[in-house]
Amino acid sequence: RVKEMVDAVETWEARAAALLAGSPGTRQIQALLAEGRALPVVLQATMDRLEEKMRLAQAWVEKVRRAVPARKHTSRSADTAAAGDGTVMDLADARGLLAEADAVGVSAKETGGLTSLVESAEGWVARVRELIAYGAEADLDLLTDLLSEGDAMPVRIDEVAVLRHEVALRNWAVRCGEVLDAGPDKKPELSRLSALLKELSALRQRAPKGSGSG
């Protein structure tokens, strides 16, 4: 009987060591804690380490649930996105949460969801930078579609403001071209040209950090 007890304890200790060294889910930790409490001997040090890992894992999961909307894609107006009212997590913070998950050693459904969110946002940023790099040749419709996609991201991305500014400048250039190229029979009024210049000046003053006109 003593040998059976020792074997059971050693087996449990080995499983606990493997779990503590890895990235288990909270259910796995809970199950092992329950088994540990049922053992015929007290293994307080290992139990304490498991309970601490459980506490850290639960705290991390709660952080993610508070920071990330329940749905991966939420509708946010341009005004809300531009306001930066603190209701949406920054992409940098999302990356930080993933790094924290690695440090804590936790595996939960939120881990996969957060990884997917970050990868999606980073892919969007890469596409934006690639299009903007084309300069004036970049298709305005594609830029506008990308802006709508960025506004729908459940994380705040600095490049959204940069792209919004770029789209505004492109739209201004289109309107300006329509006025200047209307033909000899439709010469623009001075007030119209002045309004366009004022609009351009205002756009440049609002240029976000990282934009070409900032």
# chains A, B, ... in the order shown; residues from 1 in each chain; ligands from 1
>>> residues_around(residues="Glu100 in chain A", least_positions_apart="5", cutoff="9 Å", atoms="only C-alpha atoms", output="list in words")
Trp60, Arg95 and Gly105 of chain A
>>> select_by_dssp(residues="range 19-209 of chain A", states="helix (DSSP H, G or I)", output="PyMOL selection string")
chain A and resi 19-21+26-38+44-67+78-83+91-104+109-133+135-137+140-151+158-180+190-205
>>> atom_distance(atom1="CA of Glu110 in chain A", atom2="CA of Val61 in chain A")
6.7 Å
>>> closest_residue(among="A:Gly150, A:Gly96, A:Lys63, A:Leu20", to="Arg49 in chain A", atoms="only C-alpha atoms")
A:Leu20
>>> closest_residue(among="A:Val174, A:Val179, A:Ala121, A:Ala103", to="Val160 in chain A", atoms="only C-alpha atoms")
A:Ala121
>>> residues_around(residues="Glu10 in chain A", least_positions_apart="3", cutoff="12 Å", atoms="only C-alpha atoms", output="list of chain:residue names")
A:Lys3, A:Glu4, A:Met5, A:Val6, A:Asp7, A:Glu13, A:Ala14, A:Arg15, A:Ala16, A:Ala17, A:Gly36, A:Leu39, A:Val41, A:Leu43, A:Thr46
>>> closest_residue(among="A:Arg37, A:Lys198, A:Lys187, A:Arg27", to="Val106 in chain A", atoms="only C-alpha atoms")
A:Arg27
>>> closest_residue(among="A:Glu178, A:Glu35, A:Asp90, A:Asp158", to="Leu117 in chain A", atoms="only C-alpha atoms")
A:Asp90
>>> residues_around(residues="range 189-196 of chain A", least_positions_apart="5", cutoff="12 Å", atoms="only C-alpha atoms", output="PDB file with all heavy atoms, in the first residue's frame")
ATOM      1  N   LEU A 169      -6.368  63.430 -48.403  1.00  0.00           N
ATOM      2  CA  LEU A 169      -5.541  64.188 -49.346  1.00  0.00           C
ATOM      3  C   LEU A 169      -5.842  63.785 -50.788  1.00  0.00           C
ATOM      4  O   LEU A 169      -5.918  64.646 -51.681  1.00  0.00           O
ATOM      5  CB  LEU A 169      -4.060  63.957 -49.043  1.00  0.00           C
ATOM      6  CG  LEU A 169      -3.481  64.671 -47.820  1.00  0.00           C
ATOM      7  CD1 LEU A 169      -2.040  64.228 -47.589  1.00  0.00           C
ATOM      8  CD2 LEU A 169      -3.544  66.187 -47.985  1.00  0.00           C
ATOM      9  N   ASN A 171      -8.640  62.522 -51.931  1.00  0.00           N
ATOM     10  CA  ASN A 171      -9.963  63.040 -52.291  1.00  0.00           C
ATOM     11  C   ASN A 171      -9.899  64.539 -52.583  1.00  0.00           C
ATOM     12  O   ASN A 171     -10.574  65.036 -53.489  1.00  0.00           O
ATOM     13  CB  ASN A 171     -10.962  62.763 -51.165  1.00  0.00           C
ATOM     14  CG  ASN A 171     -11.450  61.326 -51.162  1.00  0.00           C
ATOM     15  OD1 ASN A 171     -11.657  60.737 -52.219  1.00  0.00           O
ATOM     16  ND2 ASN A 171     -11.636  60.749 -49.987  1.00  0.00           N
ATOM     17  N   TRP A 172      -9.076  65.241 -51.799  1.00  0.00           N
ATOM     18  CA  TRP A 172      -8.897  66.674 -52.059  1.00  0.00           C
ATOM     19  C   TRP A 172      -8.289  66.879 -53.451  1.00  0.00           C
ATOM     20  O   TRP A 172      -8.719  67.754 -54.206  1.00  0.00           O
ATOM     21  CB  TRP A 172      -7.980  67.289 -50.997  1.00  0.00           C
ATOM     22  CG  TRP A 172      -7.698  68.751 -51.247  1.00  0.00           C
ATOM     23  CD1 TRP A 172      -8.416  69.810 -50.806  1.00  0.00           C
ATOM     24  CD2 TRP A 172      -6.624  69.293 -52.034  1.00  0.00           C
ATOM     25  NE1 TRP A 172      -7.871  70.997 -51.258  1.00  0.00           N
ATOM     26  CE2 TRP A 172      -6.766  70.697 -52.023  1.00  0.00           C
ATOM     27  CE3 TRP A 172      -5.575  68.725 -52.744  1.00  0.00           C
ATOM     28  CZ2 TRP A 172      -5.885  71.545 -52.686  1.00  0.00           C
ATOM     29  CZ3 TRP A 172      -4.687  69.564 -53.424  1.00  0.00           C
ATOM     30  CH2 TRP A 172      -4.846  70.956 -53.385  1.00  0.00           C
ATOM     31  N   ALA A 173      -7.296  66.069 -53.789  1.00  0.00           N
ATOM     32  CA  ALA A 173      -6.639  66.195 -55.092  1.00  0.00           C
ATOM     33  C   ALA A 173      -7.623  65.925 -56.228  1.00  0.00           C
ATOM     34  O   ALA A 173      -7.576  66.588 -57.276  1.00  0.00           O
ATOM     35  CB  ALA A 173      -5.459  65.228 -55.174  1.00  0.00           C
ATOM     36  N   VAL A 174      -8.524  64.968 -56.019  1.00  0.00           N
ATOM     37  CA  VAL A 174      -9.531  64.669 -57.042  1.00  0.00           C
ATOM     38  C   VAL A 174     -10.446  65.873 -57.243  1.00  0.00           C
ATOM     39  O   VAL A 174     -10.723  66.291 -58.379  1.00  0.00           O
ATOM     40  CB  VAL A 174     -10.358  63.425 -56.641  1.00  0.00           C
ATOM     41  CG1 VAL A 174     -11.573  63.272 -57.561  1.00  0.00           C
ATOM     42  CG2 VAL A 174      -9.490  62.173 -56.707  1.00  0.00           C
ATOM     43  N   ARG A 175     -10.925  66.439 -56.137  1.00  0.00           N
ATOM     44  CA  ARG A 175     -11.813  67.607 -56.243  1.00  0.00           C
ATOM     45  C   ARG A 175     -11.086  68.793 -56.867  1.00  0.00           C
ATOM     46  O   ARG A 175     -11.658  69.528 -57.678  1.00  0.00           O
ATOM     47  CB  ARG A 175     -12.347  67.986 -54.858  1.00  0.00           C
ATOM     48  CG  ARG A 175     -13.279  66.954 -54.256  1.00  0.00           C
ATOM     49  CD  ARG A 175     -14.075  67.537 -53.093  1.00  0.00           C
ATOM     50  NE  ARG A 175     -13.207  68.107 -52.078  1.00  0.00           N
ATOM     51  CZ  ARG A 175     -12.640  67.407 -51.097  1.00  0.00           C
ATOM     52  NH1 ARG A 175     -12.846  66.095 -51.018  1.00  0.00           N
ATOM     53  NH2 ARG A 175     -11.875  67.989 -50.198  1.00  0.00           N
ATOM     54  N   CYS A 176      -9.830  68.959 -56.490  1.00  0.00           N
ATOM     55  CA  CYS A 176      -9.046  70.059 -57.041  1.00  0.00           C
ATOM     56  C   CYS A 176      -8.877  69.887 -58.552  1.00  0.00           C
ATOM     57  O   CYS A 176      -9.014  70.847 -59.325  1.00  0.00           O
ATOM     58  CB  CYS A 176      -7.681  70.104 -56.358  1.00  0.00           C
ATOM     59  SG  CYS A 176      -6.695  71.551 -56.788  1.00  0.00           S
ATOM     60  N   GLY A 177      -8.605  68.651 -58.970  1.00  0.00           N
ATOM     61  CA  GLY A 177      -8.454  68.383 -60.400  1.00  0.00           C
ATOM     62  C   GLY A 177      -9.735  68.646 -61.159  1.00  0.00           C
ATOM     63  O   GLY A 177      -9.707  69.167 -62.289  1.00  0.00           O
ATOM     64  N   GLU A 178     -10.861  68.301 -60.565  1.00  0.00           N
ATOM     65  CA  GLU A 178     -12.150  68.542 -61.225  1.00  0.00           C
ATOM     66  C   GLU A 178     -12.386  70.035 -61.433  1.00  0.00           C
ATOM     67  O   GLU A 178     -12.947  70.453 -62.452  1.00  0.00           O
ATOM     68  CB  GLU A 178     -13.277  67.939 -60.385  1.00  0.00           C
ATOM     69  CG  GLU A 178     -13.281  66.414 -60.375  1.00  0.00           C
ATOM     70  CD  GLU A 178     -14.286  65.848 -59.394  1.00  0.00           C
ATOM     71  OE1 GLU A 178     -14.819  66.642 -58.565  1.00  0.00           O
ATOM     72  OE2 GLU A 178     -14.536  64.627 -59.430  1.00  0.00           O
ATOM     73  N   VAL A 179     -11.955  70.838 -60.463  1.00  0.00           N
ATOM     74  CA  VAL A 179     -12.135  72.291 -60.577  1.00  0.00           C
ATOM     75  C   VAL A 179     -11.196  72.874 -61.628  1.00  0.00           C
ATOM     76  O   VAL A 179     -11.601  73.677 -62.480  1.00  0.00           O
ATOM     77  CB  VAL A 179     -11.891  72.971 -59.209  1.00  0.00           C
ATOM     78  CG1 VAL A 179     -11.843  74.492 -59.371  1.00  0.00           C
ATOM     79  CG2 VAL A 179     -12.982  72.583 -58.226  1.00  0.00           C
ATOM     80  N   LEU A 180      -9.931  72.464 -61.588  1.00  0.00           N
ATOM     81  CA  LEU A 180      -8.932  73.043 -62.489  1.00  0.00           C
ATOM     82  C   LEU A 180      -9.062  72.548 -63.923  1.00  0.00           C
ATOM     83  O   LEU A 180      -8.691  73.257 -64.868  1.00  0.00           O
ATOM     84  CB  LEU A 180      -7.524  72.729 -61.966  1.00  0.00           C
ATOM     85  CG  LEU A 180      -7.160  73.346 -60.614  1.00  0.00           C
ATOM     86  CD1 LEU A 180      -5.770  72.898 -60.191  1.00  0.00           C
ATOM     87  CD2 LEU A 180      -7.229  74.873 -60.677  1.00  0.00           C
ATOM     88  N   ALA A 182     -11.891  71.682 -65.484  1.00  0.00           N
ATOM     89  CA  ALA A 182     -13.288  71.742 -65.931  1.00  0.00           C
ATOM     90  C   ALA A 182     -13.422  72.252 -67.361  1.00  0.00           C
ATOM     91  O   ALA A 182     -14.467  72.089 -67.985  1.00  0.00           O
ATOM     92  CB  ALA A 182     -14.098  72.627 -64.986  1.00  0.00           C
ATOM     93  N   SER A 201      -4.601  73.305 -46.327  1.00  0.00           N
ATOM     94  CA  SER A 201      -3.833  73.759 -45.168  1.00  0.00           C
ATOM     95  C   SER A 201      -4.325  73.081 -43.888  1.00  0.00           C
ATOM     96  O   SER A 201      -3.525  72.640 -43.055  1.00  0.00           O
ATOM     97  CB  SER A 201      -3.945  75.277 -45.034  1.00  0.00           C
ATOM     98  OG  SER A 201      -3.265  75.729 -43.882  1.00  0.00           O
ATOM     99  N   ALA A 202      -5.648  72.972 -43.755  1.00  0.00           N
ATOM    100  CA  ALA A 202      -6.225  72.328 -42.574  1.00  0.00           C
ATOM    101  C   ALA A 202      -5.860  70.851 -42.528  1.00  0.00           C
ATOM    102  O   ALA A 202      -5.552  70.300 -41.463  1.00  0.00           O
ATOM    103  CB  ALA A 202      -7.742  72.499 -42.577  1.00  0.00           C
ATOM    104  N   LEU A 203      -5.870  70.194 -43.686  1.00  0.00           N
ATOM    105  CA  LEU A 203      -5.494  68.783 -43.744  1.00  0.00           C
ATOM    106  C   LEU A 203      -4.050  68.586 -43.310  1.00  0.00           C
ATOM    107  O   LEU A 203      -3.727  67.659 -42.562  1.00  0.00           O
ATOM    108  CB  LEU A 203      -5.690  68.243 -45.164  1.00  0.00           C
ATOM    109  CG  LEU A 203      -7.124  67.905 -45.590  1.00  0.00           C
ATOM    110  CD1 LEU A 203      -7.166  67.568 -47.071  1.00  0.00           C
ATOM    111  CD2 LEU A 203      -7.658  66.736 -44.773  1.00  0.00           C
TER     112      LEU A 203
END
>>> select_by_dssp(residues="chain A", states="strand (DSSP E or B)", output="number ranges by chain")
A: 89-90, 155-156
>>> residues_around(residues="Ala138 in chain A", least_positions_apart="5", cutoff="12 Å", atoms="only C-alpha atoms", output="PyMOL selection string")
chain A and resi 127-133+143-144+146+163+166-167+170
>>> write_last_selection(atoms="N, CA and C atoms", output="PDB file, in the first residue's frame")
ATOM      1  N   ARG A 127      -0.287  45.688 -45.795  1.00  0.00           N
ATOM      2  CA  ARG A 127      -0.950  46.051 -47.055  1.00  0.00           C
ATOM      3  C   ARG A 127      -1.053  47.559 -47.218  1.00  0.00           C
ATOM      4  N   VAL A 128      -1.332  48.250 -46.107  1.00  0.00           N
ATOM      5  CA  VAL A 128      -1.413  49.713 -46.155  1.00  0.00           C
ATOM      6  C   VAL A 128      -0.067  50.308 -46.562  1.00  0.00           C
ATOM      7  N   ARG A 129       0.991  49.851 -45.914  1.00  0.00           N
ATOM      8  CA  ARG A 129       2.322  50.390 -46.215  1.00  0.00           C
ATOM      9  C   ARG A 129       2.726  50.108 -47.657  1.00  0.00           C
ATOM     10  N   GLU A 130       2.355  48.932 -48.135  1.00  0.00           N
ATOM     11  CA  GLU A 130       2.694  48.578 -49.515  1.00  0.00           C
ATOM     12  C   GLU A 130       1.972  49.482 -50.506  1.00  0.00           C
ATOM     13  N   LEU A 131       0.681  49.738 -50.247  1.00  0.00           N
ATOM     14  CA  LEU A 131      -0.082  50.588 -51.161  1.00  0.00           C
ATOM     15  C   LEU A 131       0.402  52.032 -51.123  1.00  0.00           C
ATOM     16  N   ILE A 132       0.628  52.549 -49.910  1.00  0.00           N
ATOM     17  CA  ILE A 132       1.070  53.940 -49.781  1.00  0.00           C
ATOM     18  C   ILE A 132       2.434  54.132 -50.429  1.00  0.00           C
ATOM     19  N   ALA A 133       3.254  53.081 -50.421  1.00  0.00           N
ATOM     20  CA  ALA A 133       4.587  53.175 -51.028  1.00  0.00           C
ATOM     21  C   ALA A 133       4.514  53.438 -52.527  1.00  0.00           C
ATOM     22  N   LEU A 143      -7.431  52.145 -51.349  1.00  0.00           N
ATOM     23  CA  LEU A 143      -7.095  52.813 -50.093  1.00  0.00           C
ATOM     24  C   LEU A 143      -8.344  53.030 -49.243  1.00  0.00           C
ATOM     25  N   THR A 144      -9.435  53.418 -49.892  1.00  0.00           N
ATOM     26  CA  THR A 144     -10.694  53.651 -49.174  1.00  0.00           C
ATOM     27  C   THR A 144     -11.231  52.353 -48.580  1.00  0.00           C
ATOM     28  N   LEU A 146      -9.425  49.774 -47.744  1.00  0.00           N
ATOM     29  CA  LEU A 146      -8.533  49.425 -46.636  1.00  0.00           C
ATOM     30  C   LEU A 146      -8.857  50.243 -45.392  1.00  0.00           C
ATOM     31  N   LEU A 163      -3.646  56.427 -42.807  1.00  0.00           N
ATOM     32  CA  LEU A 163      -4.388  56.112 -44.028  1.00  0.00           C
ATOM     33  C   LEU A 163      -5.577  57.053 -44.209  1.00  0.00           C
ATOM     34  N   GLU A 166      -4.250  60.124 -45.646  1.00  0.00           N
ATOM     35  CA  GLU A 166      -3.860  59.904 -47.046  1.00  0.00           C
ATOM     36  C   GLU A 166      -5.084  59.913 -47.958  1.00  0.00           C
ATOM     37  N   VAL A 167      -6.146  59.237 -47.534  1.00  0.00           N
ATOM     38  CA  VAL A 167      -7.374  59.197 -48.332  1.00  0.00           C
ATOM     39  C   VAL A 167      -7.978  60.597 -48.455  1.00  0.00           C
ATOM     40  N   ARG A 170      -6.009  62.476 -51.000  1.00  0.00           N
ATOM     41  CA  ARG A 170      -6.309  62.009 -52.361  1.00  0.00           C
ATOM     42  C   ARG A 170      -7.670  62.537 -52.830  1.00  0.00           C
TER      43      ARG A 170
END
>>> residues_around(residues="Leu114 in chain A", least_positions_apart="4", cutoff="9 Å", atoms="only C-alpha atoms", output="mmCIF file with N, CA and C atoms, in the first residue's frame")
data_model
loop_
_atom_site.group_PDB
_atom_site.id
_atom_site.type_symbol
_atom_site.label_atom_id
_atom_site.label_comp_id
_atom_site.auth_asym_id
_atom_site.auth_seq_id
_atom_site.Cartn_x
_atom_site.Cartn_y
_atom_site.Cartn_z
ATOM 1 N N VAL A 64 -7.560 39.901 -21.198
ATOM 2 C CA VAL A 64 -7.927 39.787 -22.611
ATOM 3 C C VAL A 64 -9.415 40.032 -22.795
ATOM 4 N N VAL A 68 -10.467 43.012 -25.291
ATOM 5 C CA VAL A 68 -10.877 42.660 -26.648
ATOM 6 C C VAL A 68 -12.380 42.459 -26.701
ATOM 7 N N ALA A 94 -1.976 44.625 -27.573
ATOM 8 C CA ALA A 94 -2.342 43.249 -27.925
ATOM 9 C C ALA A 94 -1.088 42.390 -28.059
ATOM 10 N N ARG A 95 -0.061 42.963 -28.682
ATOM 11 C CA ARG A 95 1.213 42.232 -28.782
ATOM 12 C C ARG A 95 1.786 41.969 -27.391
ATOM 13 N N LEU A 97 0.124 41.570 -24.622
ATOM 14 C CA LEU A 97 -0.633 40.503 -23.971
ATOM 15 C C LEU A 97 -0.177 39.128 -24.453
ATOM 16 N N LEU A 98 0.147 39.025 -25.735
ATOM 17 C CA LEU A 98 0.647 37.750 -26.252
ATOM 18 C C LEU A 98 2.000 37.407 -25.633
ATOM 19 N N LYS A 109 -8.432 29.535 -25.006
ATOM 20 C CA LYS A 109 -9.050 29.889 -26.285
ATOM 21 C C LYS A 109 -8.774 31.351 -26.623
ATOM 22 N N GLU A 110 -8.604 32.178 -25.584
ATOM 23 C CA GLU A 110 -8.305 33.591 -25.816
ATOM 24 C C GLU A 110 -6.938 33.785 -26.463
ATOM 25 N N VAL A 118 -4.038 39.809 -33.783
ATOM 26 C CA VAL A 118 -2.773 40.518 -34.024
ATOM 27 C C VAL A 118 -2.264 40.239 -35.435
ATOM 28 N N GLU A 119 -2.331 38.991 -35.864
ATOM 29 C CA GLU A 119 -1.862 38.645 -37.211
ATOM 30 C C GLU A 119 -2.692 39.355 -38.274
#
